[in-house]
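Next up, data13.cif (mmCIF, C-alpha atoms):
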data_model
loop_
_atom_site.label_atom_id
_atom_site.label_comp_id
_atom_site.auth_asym_id
_atom_site.auth_seq_id
_atom_site.Cartn_x
_atom_site.Cartn_y
_atom_site.Cartn_z
CA MET I 1 -49.01 -27.41 13.03
CA ASN I 2 -51.05 -26.48 16.08
CA LYS I 3 -54.37 -27.95 17.12
CA ILE I 4 -57.10 -25.69 18.42
CA HIS I 5 -59.66 -26.91 20.94
CA ASN I 6 -62.72 -24.79 21.55
CA GLN I 7 -64.97 -25.51 24.50
CA ALA I 8 -68.15 -25.35 22.44
CA ARG I 9 -71.56 -26.56 23.58
CA PRO I 10 -72.09 -30.31 23.06
CA VAL I 11 -73.66 -31.35 19.75
CA PHE I 12 -76.14 -34.21 19.39
CA PRO I 13 -74.30 -37.12 17.65
CA PHE I 14 -75.24 -37.66 13.98
CA THR I 15 -75.29 -41.45 14.44
CA ALA I 16 -77.77 -41.09 17.34
CA ILE I 17 -80.42 -39.48 15.11
CA VAL I 18 -83.35 -41.86 14.64
CA GLY I 19 -85.14 -41.95 11.25
CA GLN I 20 -85.09 -39.16 8.60
CA GLU I 21 -82.87 -41.35 6.39
CA GLU I 22 -83.49 -39.26 3.26
CA MET I 23 -82.22 -36.05 4.87
CA LYS I 24 -79.18 -37.82 6.37
CA LEU I 25 -78.26 -39.39 3.02
CA ALA I 26 -78.55 -36.06 1.17
CA LEU I 27 -76.24 -34.37 3.71
CA LEU I 28 -73.69 -37.20 3.62
CA LEU I 29 -73.51 -37.19 -0.19
CA ASN I 30 -73.02 -33.40 -0.28
CA VAL I 31 -70.21 -33.71 2.24
CA ILE I 32 -68.53 -36.42 0.13
CA ASP I 33 -68.93 -34.32 -3.04
CA PRO I 34 -69.73 -30.62 -2.38
CA LYS I 35 -70.06 -30.12 -6.16
CA ILE I 36 -73.47 -31.81 -5.97
CA GLY I 37 -74.64 -28.29 -5.14
CA GLY I 38 -76.14 -28.36 -1.67
CA VAL I 39 -79.43 -29.61 -0.31
CA MET I 40 -82.81 -28.06 0.34
CA ILE I 41 -84.65 -29.68 3.26
CA MET I 42 -88.38 -29.02 3.40
CA GLY I 43 -90.46 -30.42 6.21
CA ASP I 44 -92.70 -29.96 9.21
CA ARG I 45 -91.63 -27.99 12.27
CA GLY I 46 -89.82 -29.94 14.98
CA THR I 47 -88.57 -32.77 12.75
CA GLY I 48 -84.90 -32.31 13.65
CA LYS I 49 -83.71 -30.36 10.58
CA SER I 50 -81.37 -28.00 12.45
CA THR I 51 -80.19 -30.75 14.84
CA THR I 52 -79.18 -33.02 11.93
CA ILE I 53 -77.36 -30.24 10.05
CA ARG I 54 -75.34 -29.24 13.13
CA ALA I 55 -74.62 -32.91 13.82
CA ILE I 56 -73.12 -33.53 10.35
CA ALA I 57 -70.86 -30.47 10.71
CA ASP I 58 -69.64 -31.70 14.09
CA LEU I 59 -68.98 -35.18 12.68
CA LEU I 60 -66.65 -34.05 9.89
CA PRO I 61 -62.85 -34.41 10.19
CA GLU I 62 -60.91 -31.28 11.19
CA ILE I 63 -59.37 -29.22 8.39
CA GLU I 64 -55.92 -27.63 8.17
CA VAL I 65 -56.00 -23.85 7.66
CA VAL I 66 -53.44 -21.04 7.47
CA VAL I 67 -53.07 -19.12 10.75
CA ASP I 68 -54.43 -15.51 10.80
CA ASP I 69 -56.29 -15.94 7.50
CA SER I 70 -59.95 -14.88 7.34
CA PHE I 71 -60.82 -17.27 4.51
CA ASN I 72 -59.84 -20.67 6.01
CA SER I 73 -57.22 -21.00 3.25
CA ASP I 74 -55.93 -24.48 2.48
CA PRO I 75 -52.09 -24.47 2.69
CA LEU I 76 -51.85 -27.15 -0.03
CA ASN I 77 -54.69 -26.38 -2.47
CA TYR I 78 -54.04 -23.28 -4.61
CA ASP I 79 -57.75 -22.98 -5.54
CA LEU I 80 -58.73 -22.71 -1.87
CA MET I 81 -56.25 -19.94 -0.97
CA SER I 82 -56.93 -16.24 -0.52
CA ASP I 83 -54.87 -13.81 -2.65
CA GLU I 84 -52.70 -12.91 0.35
CA VAL I 85 -51.80 -16.56 1.03
CA LYS I 86 -51.11 -17.11 -2.69
CA GLN I 87 -48.63 -14.20 -2.61
CA ARG I 88 -46.91 -15.70 0.42
CA VAL I 89 -46.66 -19.06 -1.38
CA GLU I 90 -45.18 -17.35 -4.46
CA ARG I 91 -42.60 -15.65 -2.21
CA GLN I 92 -41.90 -19.13 -0.79
CA ALA I 93 -42.70 -17.90 2.72
CA THR I 94 -43.39 -20.49 5.42
CA LEU I 95 -47.09 -20.90 6.17
CA GLU I 96 -48.03 -21.51 9.78
CA THR I 97 -51.09 -23.75 10.01
CA HIS I 98 -53.45 -25.24 12.56
CA LEU I 99 -56.41 -27.63 12.64
CA ILE I 100 -59.94 -26.33 13.14
CA LYS I 101 -63.39 -27.92 13.15
CA VAL I 102 -65.25 -27.62 9.85
CA PRO I 103 -66.93 -24.17 9.90
CA MET I 104 -70.69 -24.24 10.39
CA ILE I 105 -72.08 -20.81 9.57
CA ASP I 106 -75.68 -19.74 10.16
CA LEU I 107 -77.15 -17.07 7.90
CA PRO I 108 -79.71 -15.04 9.87
CA LEU I 109 -82.92 -14.10 8.07
CA GLY I 110 -82.31 -10.37 8.47
CA ALA I 111 -78.79 -10.48 6.96
CA THR I 112 -77.79 -7.77 4.47
CA GLU I 113 -75.76 -8.22 1.29
CA ASP I 114 -72.74 -6.60 3.01
CA ARG I 115 -73.01 -9.04 5.94
CA LEU I 116 -73.12 -11.94 3.50
CA CYS I 117 -70.47 -10.89 0.96
CA GLY I 118 -68.22 -8.59 2.99
CA THR I 119 -67.41 -4.90 2.50
CA ILE I 120 -64.60 -2.89 0.92
CA ASP I 121 -63.37 0.17 2.82
CA ILE I 122 -63.60 2.72 -0.03
CA GLU I 123 -62.14 5.58 2.05
CA LYS I 124 -58.99 3.61 2.89
CA ALA I 125 -58.65 2.45 -0.71
CA LEU I 126 -58.86 6.02 -2.09
CA ASN I 127 -56.76 7.75 0.59
CA GLU I 128 -54.08 5.13 1.22
CA GLY I 129 -54.26 3.07 -1.97
CA VAL I 130 -54.77 -0.08 0.11
CA LYS I 131 -57.43 -2.72 -0.56
CA SER I 132 -59.09 -3.10 2.83
CA PHE I 133 -61.72 -5.83 2.98
CA GLU I 134 -63.96 -6.81 5.87
CA PRO I 135 -64.87 -10.47 5.19
CA GLY I 136 -68.51 -11.56 5.31
CA LEU I 137 -70.21 -14.86 6.07
CA LEU I 138 -69.24 -16.35 2.68
CA ALA I 139 -65.56 -15.97 3.64
CA LYS I 140 -66.14 -17.64 7.01
CA ALA I 141 -68.04 -20.50 5.34
CA ASN I 142 -65.20 -21.36 2.93
CA ARG I 143 -64.46 -25.13 3.21
CA GLY I 144 -67.43 -25.55 5.54
CA ILE I 145 -71.22 -25.61 5.67
CA LEU I 146 -73.46 -22.57 5.24
CA TYR I 147 -76.89 -23.13 6.77
CA VAL I 148 -79.93 -21.00 5.96
CA ASP I 149 -82.99 -21.77 8.06
CA GLU I 150 -86.32 -20.65 6.54
CA VAL I 151 -84.57 -20.09 3.19
CA ASN I 152 -87.99 -19.71 1.57
CA LEU I 153 -88.44 -16.47 3.58
CA LEU I 154 -85.01 -15.06 2.60
CA ASP I 155 -84.81 -12.22 0.08
CA ASP I 156 -84.55 -13.67 -3.47
CA HIS I 157 -81.55 -11.47 -4.24
CA LEU I 158 -79.57 -12.97 -1.33
CA VAL I 159 -80.59 -16.51 -2.30
CA ASP I 160 -79.26 -15.75 -5.80
CA ILE I 161 -75.89 -14.61 -4.40
CA LEU I 162 -75.69 -17.73 -2.20
CA LEU I 163 -76.41 -20.07 -5.10
CA ASP I 164 -73.94 -18.28 -7.41
CA SER I 165 -71.16 -18.61 -4.84
CA ALA I 166 -72.04 -22.23 -4.04
CA ALA I 167 -71.93 -23.11 -7.75
CA SER I 168 -68.73 -21.21 -8.65
CA GLY I 169 -66.80 -21.58 -5.38
CA TRP I 170 -65.91 -17.87 -5.47
CA ASN I 171 -67.29 -14.62 -4.07
CA THR I 172 -66.61 -11.34 -5.86
CA VAL I 173 -67.26 -7.97 -4.20
CA GLU I 174 -67.17 -4.83 -6.34
CA ARG I 175 -67.51 -1.27 -5.08
CA GLU I 176 -66.65 1.96 -6.94
CA GLY I 177 -64.39 0.22 -9.46
CA ILE I 178 -62.53 -1.79 -6.78
CA SER I 179 -62.89 -5.56 -6.98
CA ILE I 180 -61.97 -8.26 -4.46
CA ARG I 181 -62.39 -11.98 -5.06
CA HIS I 182 -61.93 -14.83 -2.60
CA PRO I 183 -62.66 -18.59 -2.44
CA ALA I 184 -66.10 -19.49 -1.08
CA ARG I 185 -66.43 -23.23 -1.49
CA PHE I 186 -69.05 -24.54 0.90
CA VAL I 187 -71.95 -26.97 1.18
CA LEU I 188 -75.13 -24.91 1.05
CA VAL I 189 -77.95 -26.30 3.20
CA GLY I 190 -81.33 -24.62 3.22
CA SER I 191 -84.33 -25.65 5.26
CA GLY I 192 -87.89 -24.48 5.44
CA ASN I 193 -91.52 -25.28 6.16
CA PRO I 194 -93.66 -25.55 2.98
CA GLU I 195 -96.59 -23.98 4.87
CA GLU I 196 -94.64 -20.71 5.03
CA GLY I 197 -94.22 -20.42 1.26
CA GLU I 198 -92.30 -22.08 -1.56
CA LEU I 199 -88.99 -21.04 -3.08
CA ARG I 200 -89.19 -19.73 -6.66
CA PRO I 201 -88.78 -22.66 -9.12
CA GLN I 202 -85.69 -21.15 -10.81
CA LEU I 203 -83.97 -20.84 -7.40
CA LEU I 204 -85.15 -24.25 -6.21
CA ASP I 205 -83.73 -25.85 -9.36
CA ARG I 206 -80.24 -24.66 -8.43
CA PHE I 207 -80.13 -26.68 -5.22
CA GLY I 208 -78.49 -30.00 -6.05
CA MET I 209 -80.83 -32.08 -3.89
CA HIS I 210 -84.23 -31.70 -2.26
CA ALA I 211 -85.15 -33.78 0.78
CA GLU I 212 -88.71 -33.88 2.09
CA ILE I 213 -89.22 -34.90 5.69
CA ARG I 214 -92.39 -35.62 7.56
CA THR I 215 -93.26 -36.01 11.23
CA VAL I 216 -92.76 -39.64 12.29
CA LYS I 217 -96.14 -41.39 12.72
CA ASP I 218 -94.98 -44.71 14.20
CA PRO I 219 -95.56 -44.48 18.02
CA LYS I 220 -92.61 -46.79 18.84
CA LEU I 221 -90.24 -44.71 16.73
CA ARG I 222 -91.54 -41.50 18.32
CA VAL I 223 -90.85 -42.92 21.78
CA GLU I 224 -87.32 -43.92 20.70
CA ILE I 225 -86.63 -40.39 19.37
CA VAL I 226 -87.92 -38.75 22.58
CA GLU I 227 -85.87 -41.13 24.76
CA GLN I 228 -82.70 -40.48 22.78
CA ARG I 229 -83.15 -36.71 23.00
CA THR I 230 -84.00 -36.82 26.73
CA LYS I 231 -80.90 -38.92 27.43
CA PHE I 232 -78.75 -36.34 25.62
CA ASP I 233 -80.35 -33.38 27.43
CA ILE I 234 -79.79 -34.99 30.86
CA ASN I 235 -76.18 -36.07 30.24
CA PRO I 236 -74.68 -34.92 26.90
CA SER I 237 -71.16 -36.27 27.56
CA GLU I 238 -72.47 -39.76 28.35
CA CYS I 239 -74.56 -39.80 25.17
CA ILE I 240 -71.61 -38.56 23.06
CA GLU I 241 -69.37 -41.23 24.59
CA GLU I 242 -71.96 -43.93 23.87
CA PHE I 243 -71.90 -43.11 20.14
CA GLN I 244 -68.16 -42.35 19.93
CA ASP I 245 -67.28 -45.56 18.06
CA LYS I 246 -70.15 -45.19 15.57
CA GLN I 247 -69.16 -41.55 14.97
CA LYS I 248 -65.54 -42.55 14.35
CA THR I 249 -66.58 -45.34 11.94
CA LEU I 250 -68.79 -42.97 9.94
CA LYS I 251 -66.09 -40.27 9.90
CA ASN I 252 -63.60 -42.79 8.45
CA LYS I 253 -66.22 -43.93 5.93
CA ILE I 254 -66.65 -40.32 4.73
CA LEU I 255 -62.87 -39.84 4.42
CA THR I 256 -62.51 -43.09 2.45
CA ALA I 257 -65.40 -42.08 0.15
CA GLN I 258 -63.84 -38.64 -0.50
CA GLU I 259 -60.55 -40.29 -1.49
CA LYS I 260 -62.28 -42.92 -3.63
CA LEU I 261 -64.70 -40.55 -5.40
CA PRO I 262 -62.40 -39.45 -8.32
CA TYR I 263 -61.89 -43.10 -9.30
CA VAL I 264 -65.54 -44.23 -9.28
CA ILE I 265 -66.87 -44.87 -12.79
CA ILE I 266 -70.37 -44.87 -14.22
CA ASP I 267 -71.18 -46.92 -17.30
CA ASP I 268 -72.42 -45.10 -20.46
CA PHE I 269 -75.53 -47.30 -20.47
CA LEU I 270 -76.48 -45.96 -17.01
CA ARG I 271 -75.76 -42.36 -18.04
CA VAL I 272 -78.18 -42.78 -20.94
CA LYS I 273 -80.82 -44.23 -18.58
CA ILE I 274 -80.46 -41.24 -16.21
CA SER I 275 -80.95 -38.83 -19.13
CA GLU I 276 -83.91 -40.91 -20.36
CA VAL I 277 -85.59 -40.52 -16.95
CA CYS I 278 -84.94 -36.74 -17.01
CA ALA I 279 -86.32 -36.41 -20.55
CA THR I 280 -89.43 -38.50 -19.74
CA LEU I 281 -90.13 -36.31 -16.68
CA ASP I 282 -89.69 -33.22 -18.88
CA VAL I 283 -87.01 -31.77 -16.60
CA ASP I 284 -85.80 -28.39 -17.89
CA GLY I 285 -82.07 -28.03 -18.60
CA LEU I 286 -79.32 -30.52 -17.78
CA ARG I 287 -78.77 -29.86 -14.07
CA GLY I 288 -80.84 -32.92 -13.17
CA ASP I 289 -78.68 -35.20 -15.32
CA ILE I 290 -75.41 -33.76 -13.96
CA VAL I 291 -76.43 -33.86 -10.28
CA THR I 292 -77.82 -37.43 -10.53
CA ASN I 293 -74.54 -38.63 -12.07
CA ARG I 294 -72.54 -36.93 -9.30
CA ALA I 295 -74.79 -38.18 -6.49
CA ALA I 296 -74.74 -41.77 -7.80
CA LYS I 297 -70.92 -41.70 -7.87
CA ALA I 298 -70.79 -40.25 -4.34
CA PHE I 299 -73.18 -42.96 -3.09
CA ALA I 300 -71.10 -45.69 -4.75
CA ALA I 301 -67.93 -44.23 -3.13
CA TYR I 302 -69.75 -44.14 0.25
CA GLN I 303 -70.36 -47.87 -0.11
CA ASN I 304 -66.70 -48.37 -1.10
CA LYS I 305 -67.61 -49.52 -4.63
CA ASP I 306 -65.57 -48.91 -7.79
CA GLU I 307 -68.53 -48.63 -10.13
CA VAL I 308 -72.06 -47.22 -10.00
CA ASP I 309 -74.88 -49.74 -10.37
CA MET I 310 -78.62 -49.45 -10.98
CA GLU I 311 -79.49 -49.57 -7.25
CA ASP I 312 -77.24 -46.56 -6.54
CA ILE I 313 -79.15 -44.51 -9.13
CA LYS I 314 -82.54 -45.63 -7.82
CA THR I 315 -81.52 -44.59 -4.28
CA VAL I 316 -80.43 -41.02 -5.17
CA ILE I 317 -82.47 -40.01 -8.24
CA THR I 318 -85.62 -38.88 -6.39
CA LEU I 319 -83.52 -36.55 -4.19
CA CYS I 320 -81.97 -35.07 -7.34
CA LEU I 321 -85.09 -34.62 -9.48
CA ARG I 322 -88.26 -34.16 -7.38
CA HIS I 323 -87.85 -30.35 -7.16
CA ARG I 324 -87.17 -29.95 -10.90
CA LEU I 325 -90.56 -31.17 -12.15
CA ARG I 326 -93.02 -28.68 -13.57
CA LYS I 327 -95.93 -28.09 -11.23
CA ASP I 328 -99.29 -29.17 -12.60
CA PRO I 329 -102.13 -27.75 -10.45
CA LEU I 330 -104.51 -30.49 -11.67
CA GLU I 331 -102.17 -33.33 -10.71
CA ASN I 332 -102.57 -34.75 -7.20
CA ILE I 333 -99.59 -37.15 -7.35
CA ASP I 334 -96.55 -36.26 -5.24
CA SER I 335 -93.49 -35.28 -7.33
CA GLY I 336 -91.30 -37.85 -5.53
CA THR I 337 -93.78 -40.63 -6.32
CA LYS I 338 -93.89 -39.50 -9.96
CA VAL I 339 -90.08 -39.74 -10.20
CA GLN I 340 -90.14 -43.24 -8.67
CA GLN I 341 -92.80 -44.42 -11.15
CA VAL I 342 -90.79 -43.26 -14.17
CA VAL I 343 -87.56 -44.67 -12.68
CA ASN I 344 -89.22 -48.08 -12.22
CA ASP I 345 -90.60 -48.02 -15.77
CA ILE I 346 -87.27 -47.09 -17.38
CA LEU I 347 -84.59 -48.62 -15.13
CA VAL I 348 -86.35 -51.82 -14.11
CA SER I 349 -87.54 -52.55 -17.66
CA SER I 350 -83.94 -52.32 -18.88
CA LEU I 351 -82.71 -55.10 -16.55
#

Encoding of this model in structure tokens:
Amino acid sequence: MNKIHNQARPVFPFTAIVGQEEMKLALLLNVIDPKIGGVMIMGDRGTGKSTTIRAIADLLPEIEVVVDDSFNSDPLNYDLMSDEVKQRVERQATLETHLIKVPMIDLPLGATEDRLCGTIDIEKALNEGVKSFEPGLLAKANRGILYVDEVNLLDDHLVDILLDSAASGWNTVEREGISIRHPARFVLVGSGNPEEGELRPQLLDRFGMHAEIRTVKDPKLRVEIVEQRTKFDINPSECIEEFQDKQKTLKNKILTAQEKLPYVIIDDFLRVKISEVCATLDVDGLRGDIVTNRAAKAFAAYQNKDEVDMEDIKTVITLCLRHRLRKDPLENIDSGTKVQQVVNDILVSSL
């Protein structure tokens, strides 16, 4: 197995980011369990959304992929292999592999469906009888992170495709009766500024988590953020070296949590309480219940615990439910505050 080193531009260390704890927690939990369904980050301009997302991608452990494969196929996991790699495995051919950094793919606002999903060469298929596929961004994002800045300005049709792929882990392209399917399992991260328009409620509901971030008001904290950024801009390598140990500790913590996750249990009593909160808030469907259960388990695993407790649920439930509440134009209470009030009434009263 070979190791590939790319001389990429330096990335601001995740552990050096000051504040924005809600956004950082949402990203960490999605990395531990991608089945949470991604995270939508809404907040003011210049609050470090893009910096934090790139930092989490850079922090993640390298992944082993099959050489000369466009889909970042996993040599050991059949569900994360392209059809071509599967055929080679069935023929018992030797797979050459190497380590790469976790893919971090940006989706530009002007992207077309073909750029996102990939294209089938119809002419080649008809004339030569060969399935020729030009992979899109979904193929490149397999086993990585797909980041959409200003997702609220993206065409609804493309957002739909993104959410379908993120939920199913597969991308299917069909043209003129020819169909190609490949794995597309990624953490979907969207960000946007609420001043520039909201995402449609039915699309918003399909993001697993929703983090809201605001500009830091505390002058001392603002000074600390500016100093940290200035230090990095002047000497990136020195800043990266300073946080090397913290980065390594967090990386190991993520790996441990990923291994522990399947064994974390959640008591039936707590499951009922989660569903009681969702029912009281009049959340449509069951996505809220499912995501909260998953996120609570991921948070427990992150803390190296065997079982979910009430505090774990209280920490993650607002992230999982605030974007699923029905909007009442006459209500002036923030949706996150409303979730917290109901959580306190139901969970605290049950102690």

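Here CA of Asn344 in chain I is placed at a distance of 26.7 Å from CA of Thr215 in chain I.
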
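Omitting Ile274 in chain I and its sequence neighbours fewer than 5 positions away, and counting all atoms listed in the file, the residues within 10 Å are Asp268, Phe269, Ala279, Gly288, Asp289, Ile290, Thr292, Asn293, Met310, Ile313, Lys314, Ile317, Val343, Ile346 and Leu347 of chain I.
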
Write out as a PDB file with C-alpha atoms, in the frame of the given file which residues come within 8 Å of Ile240 in chain I when counting only C-alpha atoms, dropping same-chain ones fewer than 4 positions away.
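Contents of out_19.pdb, freshly written:
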ATOM      1  CA  PHE I  12     -76.140 -34.210  19.390  1.00  0.00           C
ATOM      2  CA  PRO I  13     -74.300 -37.120  17.650  1.00  0.00           C
ATOM      3  CA  PHE I 232     -78.750 -36.340  25.620  1.00  0.00           C
ATOM      4  CA  PRO I 236     -74.680 -34.920  26.900  1.00  0.00           C
ATOM      5  CA  GLN I 244     -68.160 -42.350  19.930  1.00  0.00           C
TER       6      GLN I 244
END

Could you check how far CA of Val39 in chain I sits from CA of His210 in chain I, in Å to one decimal? 5.6 Å

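One distance worth recording is that between CA of Phe186 in chain I and CA of Leu146 in chain I, which is 6.5 Å.
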
Apply the PyMOL selection byres ((chain I and resi 101) around 8) to the displayed file and report the matching residues as a VMD selection string. chain I and resid 58 60 to 63 99 to 100 102 to 103

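Using only C-alpha atoms for every distance, the candidate list I:Gln258, I:Val85, I:Gln20, I:Tyr147 yields I:Tyr147 as the residue closest to Val187 in chain I.
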
Tell me, as a PDB file with C-alpha atoms, in the frame of the given file, which residues lie within 12 Å of Val89 in chain I, counting only C-alpha atoms; anything in the same chain fewer than 4 positions away does not count.
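Saved file around-v2.pdb follows:
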ATOM      1  CA  VAL I  66     -53.440 -21.040   7.470  1.00  0.00           C
ATOM      2  CA  SER I  73     -57.220 -21.000   3.250  1.00  0.00           C
ATOM      3  CA  ASP I  74     -55.930 -24.480   2.480  1.00  0.00           C
ATOM      4  CA  PRO I  75     -52.090 -24.470   2.690  1.00  0.00           C
ATOM      5  CA  LEU I  76     -51.850 -27.150  -0.030  1.00  0.00           C
ATOM      6  CA  ASN I  77     -54.690 -26.380  -2.470  1.00  0.00           C
ATOM      7  CA  TYR I  78     -54.040 -23.280  -4.610  1.00  0.00           C
ATOM      8  CA  MET I  81     -56.250 -19.940  -0.970  1.00  0.00           C
ATOM      9  CA  SER I  82     -56.930 -16.240  -0.520  1.00  0.00           C
ATOM     10  CA  ASP I  83     -54.870 -13.810  -2.650  1.00  0.00           C
ATOM     11  CA  GLU I  84     -52.700 -12.910   0.350  1.00  0.00           C
ATOM     12  CA  VAL I  85     -51.800 -16.560   1.030  1.00  0.00           C
ATOM     13  CA  ALA I  93     -42.700 -17.900   2.720  1.00  0.00           C
ATOM     14  CA  THR I  94     -43.390 -20.490   5.420  1.00  0.00           C
ATOM     15  CA  LEU I  95     -47.090 -20.900   6.170  1.00  0.00           C
ATOM     16  CA  GLU I  96     -48.030 -21.510   9.780  1.00  0.00           C
TER      17      GLU I  96
END

Please supply range 240-258 of chain I, rebuilt with N, CA and C atoms, as a PDB file, in the frame of the given file.
ATOM      1  N   ILE I 240     -72.666 -38.714  24.073  1.00  0.00           N
ATOM      2  CA  ILE I 240     -71.610 -38.560  23.060  1.00  0.00           C
ATOM      3  C   ILE I 240     -70.628 -39.730  23.150  1.00  0.00           C
ATOM      4  N   GLU I 241     -70.301 -40.114  24.381  1.00  0.00           N
ATOM      5  CA  GLU I 241     -69.370 -41.230  24.590  1.00  0.00           C
ATOM      6  C   GLU I 241     -69.965 -42.544  24.085  1.00  0.00           C
ATOM      7  N   GLU I 242     -71.272 -42.712  24.303  1.00  0.00           N
ATOM      8  CA  GLU I 242     -71.960 -43.930  23.870  1.00  0.00           C
ATOM      9  C   GLU I 242     -71.863 -44.133  22.353  1.00  0.00           C
ATOM     10  N   PHE I 243     -71.903 -43.021  21.614  1.00  0.00           N
ATOM     11  CA  PHE I 243     -71.900 -43.110  20.140  1.00  0.00           C
ATOM     12  C   PHE I 243     -70.531 -42.794  19.539  1.00  0.00           C
ATOM     13  N   GLN I 244     -69.505 -42.715  20.378  1.00  0.00           N
ATOM     14  CA  GLN I 244     -68.160 -42.350  19.930  1.00  0.00           C
ATOM     15  C   GLN I 244     -67.638 -43.282  18.820  1.00  0.00           C
ATOM     16  N   ASP I 245     -67.791 -44.587  19.034  1.00  0.00           N
ATOM     17  CA  ASP I 245     -67.280 -45.560  18.060  1.00  0.00           C
ATOM     18  C   ASP I 245     -68.017 -45.466  16.730  1.00  0.00           C
ATOM     19  N   LYS I 246     -69.353 -45.318  16.799  1.00  0.00           N
ATOM     20  CA  LYS I 246     -70.150 -45.190  15.570  1.00  0.00           C
ATOM     21  C   LYS I 246     -69.777 -43.915  14.818  1.00  0.00           C
ATOM     22  N   GLN I 247     -69.547 -42.834  15.585  1.00  0.00           N
ATOM     23  CA  GLN I 247     -69.160 -41.550  14.970  1.00  0.00           C
ATOM     24  C   GLN I 247     -67.811 -41.691  14.252  1.00  0.00           C
ATOM     25  N   LYS I 248     -66.872 -42.364  14.919  1.00  0.00           N
ATOM     26  CA  LYS I 248     -65.540 -42.550  14.350  1.00  0.00           C
ATOM     27  C   LYS I 248     -65.601 -43.397  13.075  1.00  0.00           C
ATOM     28  N   THR I 249     -66.415 -44.464  13.111  1.00  0.00           N
ATOM     29  CA  THR I 249     -66.580 -45.340  11.940  1.00  0.00           C
ATOM     30  C   THR I 249     -67.144 -44.565  10.763  1.00  0.00           C
ATOM     31  N   LEU I 250     -68.169 -43.746  11.023  1.00  0.00           N
ATOM     32  CA  LEU I 250     -68.790 -42.970   9.940  1.00  0.00           C
ATOM     33  C   LEU I 250     -67.832 -41.904   9.405  1.00  0.00           C
ATOM     34  N   LYS I 251     -67.079 -41.276  10.314  1.00  0.00           N
ATOM     35  CA  LYS I 251     -66.090 -40.270   9.900  1.00  0.00           C
ATOM     36  C   LYS I 251     -65.062 -40.890   8.947  1.00  0.00           C
ATOM     37  N   ASN I 252     -64.570 -42.084   9.301  1.00  0.00           N
ATOM     38  CA  ASN I 252     -63.600 -42.790   8.450  1.00  0.00           C
ATOM     39  C   ASN I 252     -64.221 -43.190   7.110  1.00  0.00           C
ATOM     40  N   LYS I 253     -65.502 -43.551   7.157  1.00  0.00           N
ATOM     41  CA  LYS I 253     -66.220 -43.930   5.930  1.00  0.00           C
ATOM     42  C   LYS I 253     -66.322 -42.732   4.978  1.00  0.00           C
ATOM     43  N   ILE I 254     -66.569 -41.554   5.539  1.00  0.00           N
ATOM     44  CA  ILE I 254     -66.650 -40.320   4.730  1.00  0.00           C
ATOM     45  C   ILE I 254     -65.286 -40.013   4.105  1.00  0.00           C
ATOM     46  N   LEU I 255     -64.229 -40.098   4.921  1.00  0.00           N
ATOM     47  CA  LEU I 255     -62.870 -39.840   4.420  1.00  0.00           C
ATOM     48  C   LEU I 255     -62.495 -40.794   3.290  1.00  0.00           C
ATOM     49  N   THR I 256     -62.802 -42.080   3.477  1.00  0.00           N
ATOM     50  CA  THR I 256     -62.510 -43.090   2.450  1.00  0.00           C
ATOM     51  C   THR I 256     -63.280 -42.785   1.169  1.00  0.00           C
ATOM     52  N   ALA I 257     -64.560 -42.401   1.321  1.00  0.00           N
ATOM     53  CA  ALA I 257     -65.400 -42.080   0.150  1.00  0.00           C
ATOM     54  C   ALA I 257     -64.858 -40.859  -0.602  1.00  0.00           C
ATOM     55  N   GLN I 258     -64.401 -39.837   0.143  1.00  0.00           N
ATOM     56  CA  GLN I 258     -63.840 -38.640  -0.500  1.00  0.00           C
ATOM     57  C   GLN I 258     -62.591 -38.983  -1.310  1.00  0.00           C
TER      58      GLN I 258
END
